[in-house]
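Asks: The structure is given below, and queries will be raised subsequently.
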Amino acid sequence: MTFEPLYSLSGLFVGALVGITGVGGGSLMTPLLVLLFGVHPATAVGTDLLYAAITKTAGTAVHGMHGRVNWKIVGSLAIGSVPAALLMLWMLAGVDRKSIGVTNTITTALGWLLVMTAIMLVFRGPILELARRAIGDRTPPQPRTILALTVVLGFLLGVLVTLTSVGAGALGVTILLVLYPRLDVREIVGSDIVHAVPLTLIGGTGYWLIGEIDWPMLFALLIGSIPGIIIGSLLAPKLHERTIRIVLALTLAVVAWKLLTG
């Protein structure tokens, strides 16, 4: 068990970007570990899930104190995501995670999710406007329908997050904004972050039980990321967030291309 300073430096970089843009660290950390450090995708995902659970806990406390959490949404998402996460962990426990097939499945899913995240980063506004125009003057969905769709979204996020550690941020928030157009975006973001804590904790614990956590790497990442998030949060008001998001989206697109083309 040796300490690797480069992991902490990576954690600092990712933490700063998370603090500036609010984009989940999984979109950055997992591909960084896989491509730059050569970490096996399953180990990278498992370690990043525990990393996310720890770092998002602070965000949960902040949003909770400010009353920016809709617990009905959190509960509805969890009804779908928790069983999905357990199902994915059960499936992963029963296969050879070092096999080419499993490795390719994780990297391909990760690559396409990064593409979708990049699109959401740049075009979330137009996508939401297009959705609102499509709904138009139609009769709003019944509360039961919205509840059912939220549970389905939770199930989808449970599968994606457990398999790749990506999906609960940009994708989840965008779909929730379509489902709940009358809610304040801060309440949507806060609810998404709170939901992500138990989801990533369950996923990370599951990967730990099947032997896919690198504890020294996790410790090194946290040493860098915690001050990184603080620095990013302080810098955010002084930077042009739109420009940062475009640069980040382009970076994710390049990383996705590398993952998908091998």
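Just so we're on the same page: first chain in the structure tokens is A, next is B, and so on; residues restart at 1 for each chain, and ligands are numbered from 1 in the order they show up.
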With a distance cut-off of 12 Å and only C-alpha atoms, select the neighbouring residues of segment 49-51 of chain A, excluding the residue or stretch itself and same-chain residues fewer than 4 positions from it, and output the selection as a ChimeraX atom specification.

Replies: /A:11,14-15,24-27,29-30,42-45,55-57,85,158,160-168,196-208,212-226

Asks: Write out as a ChimeraX atom specification the residues lying within 12 Å of Ile175 of chain A, counting only C-alpha atoms and excluding same-chain residues fewer than 6 positions away.

Replies: /A:77,120,124,127-128,131-132,146,149-150,152-154,156-157,167-169,181,185,188-189,192

Asks: At a cut-off of 7 Å, using only C-alpha atoms, what residues contact segment 98-109 of chain A? Leave out same-chain residues fewer than 2 positions from it and give the result as an MDAnalysis selection string.

Replies: chainID A and resid 41 96 111:113 163:164 259:260

Asks: With N, CA and C atoms retained, could you export that selection as a PDB file, in the first residue's frame?

Replies:
ATOM      1  N   PRO A  41     -11.235  -0.855 -15.486  1.00  0.00           N
ATOM      2  CA  PRO A  41     -12.512  -0.137 -15.404  1.00  0.00           C
ATOM      3  C   PRO A  41     -13.357  -0.495 -14.195  1.00  0.00           C
ATOM      4  N   ASP A  96     -16.715 -12.777 -14.691  1.00  0.00           N
ATOM      5  CA  ASP A  96     -15.287 -12.485 -14.626  1.00  0.00           C
ATOM      6  C   ASP A  96     -15.079 -11.023 -15.018  1.00  0.00           C
ATOM      7  N   GLY A 111     -18.183   5.519 -22.300  1.00  0.00           N
ATOM      8  CA  GLY A 111     -17.929   6.421 -23.422  1.00  0.00           C
ATOM      9  C   GLY A 111     -19.190   7.114 -23.908  1.00  0.00           C
ATOM     10  N   TRP A 112     -20.273   6.347 -24.109  1.00  0.00           N
ATOM     11  CA  TRP A 112     -21.516   6.947 -24.606  1.00  0.00           C
ATOM     12  C   TRP A 112     -22.155   7.864 -23.567  1.00  0.00           C
ATOM     13  N   LEU A 113     -22.029   7.519 -22.289  1.00  0.00           N
ATOM     14  CA  LEU A 113     -22.559   8.403 -21.253  1.00  0.00           C
ATOM     15  C   LEU A 113     -21.801   9.725 -21.204  1.00  0.00           C
ATOM     16  N   LEU A 163     -22.883   0.709 -13.022  1.00  0.00           N
ATOM     17  CA  LEU A 163     -22.022   0.139 -14.067  1.00  0.00           C
ATOM     18  C   LEU A 163     -20.855   1.048 -14.420  1.00  0.00           C
ATOM     19  N   THR A 164     -21.087   2.383 -14.406  1.00  0.00           N
ATOM     20  CA  THR A 164     -20.068   3.307 -14.920  1.00  0.00           C
ATOM     21  C   THR A 164     -19.673   4.410 -13.945  1.00  0.00           C
ATOM     22  N   LEU A 259     -12.187   6.332 -25.395  1.00  0.00           N
ATOM     23  CA  LEU A 259     -12.740   5.124 -24.786  1.00  0.00           C
ATOM     24  C   LEU A 259     -13.457   4.254 -25.812  1.00  0.00           C
ATOM     25  N   LEU A 260     -14.181   4.880 -26.726  1.00  0.00           N
ATOM     26  CA  LEU A 260     -14.981   4.125 -27.686  1.00  0.00           C
ATOM     27  C   LEU A 260     -14.150   3.539 -28.828  1.00  0.00           C
TER      28      LEU A 260
END

Asks: Check segment 17-220 of chain A with DSSP on the backbone and list each residue it calls alpha helix (DSSP H), as a PyMOL selection string.

Replies: chain A and resi 17-21+26-36+41-65+71-93+100-135+143-164+170-179+185-209+215-220

Asks: Please identify all polymer residues within 7 Å of Ile229 of chain A, counting only C-alpha atoms, omitting same-chain residues fewer than 6 positions from it, and present them as an MDAnalysis selection string.

Replies: chainID A and resid 15:16 18:19

Asks: Residues of the last selection are to be written out with all heavy atoms, as a CSV table (one decimal), in the first residue's frame.

Replies:
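Full text of result_33.csv as output:
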chain,number,residue,atom,x,y,z
A,15,GLY,N,-11.7,17.9,-8.4
A,15,GLY,CA,-12.5,18.6,-7.4
A,15,GLY,C,-12.7,20.0,-7.7
A,15,GLY,O,-13.8,20.6,-7.5
A,16,ALA,N,-11.7,20.7,-8.3
A,16,ALA,CA,-11.8,22.1,-8.7
A,16,ALA,C,-12.8,22.2,-9.8
A,16,ALA,O,-13.7,23.2,-9.7
A,16,ALA,CB,-10.4,22.6,-9.2
A,18,VAL,N,-15.4,20.2,-10.4
A,18,VAL,CA,-16.7,19.9,-9.8
A,18,VAL,C,-17.2,21.2,-9.1
A,18,VAL,O,-18.3,21.6,-9.2
A,18,VAL,CB,-16.6,18.7,-8.8
A,18,VAL,CG1,-17.9,18.6,-8.0
A,18,VAL,CG2,-16.4,17.5,-9.6
A,19,GLY,N,-16.3,21.8,-8.3
A,19,GLY,CA,-16.6,23.1,-7.6
A,19,GLY,C,-17.0,24.2,-8.5
A,19,GLY,O,-17.9,25.0,-8.2
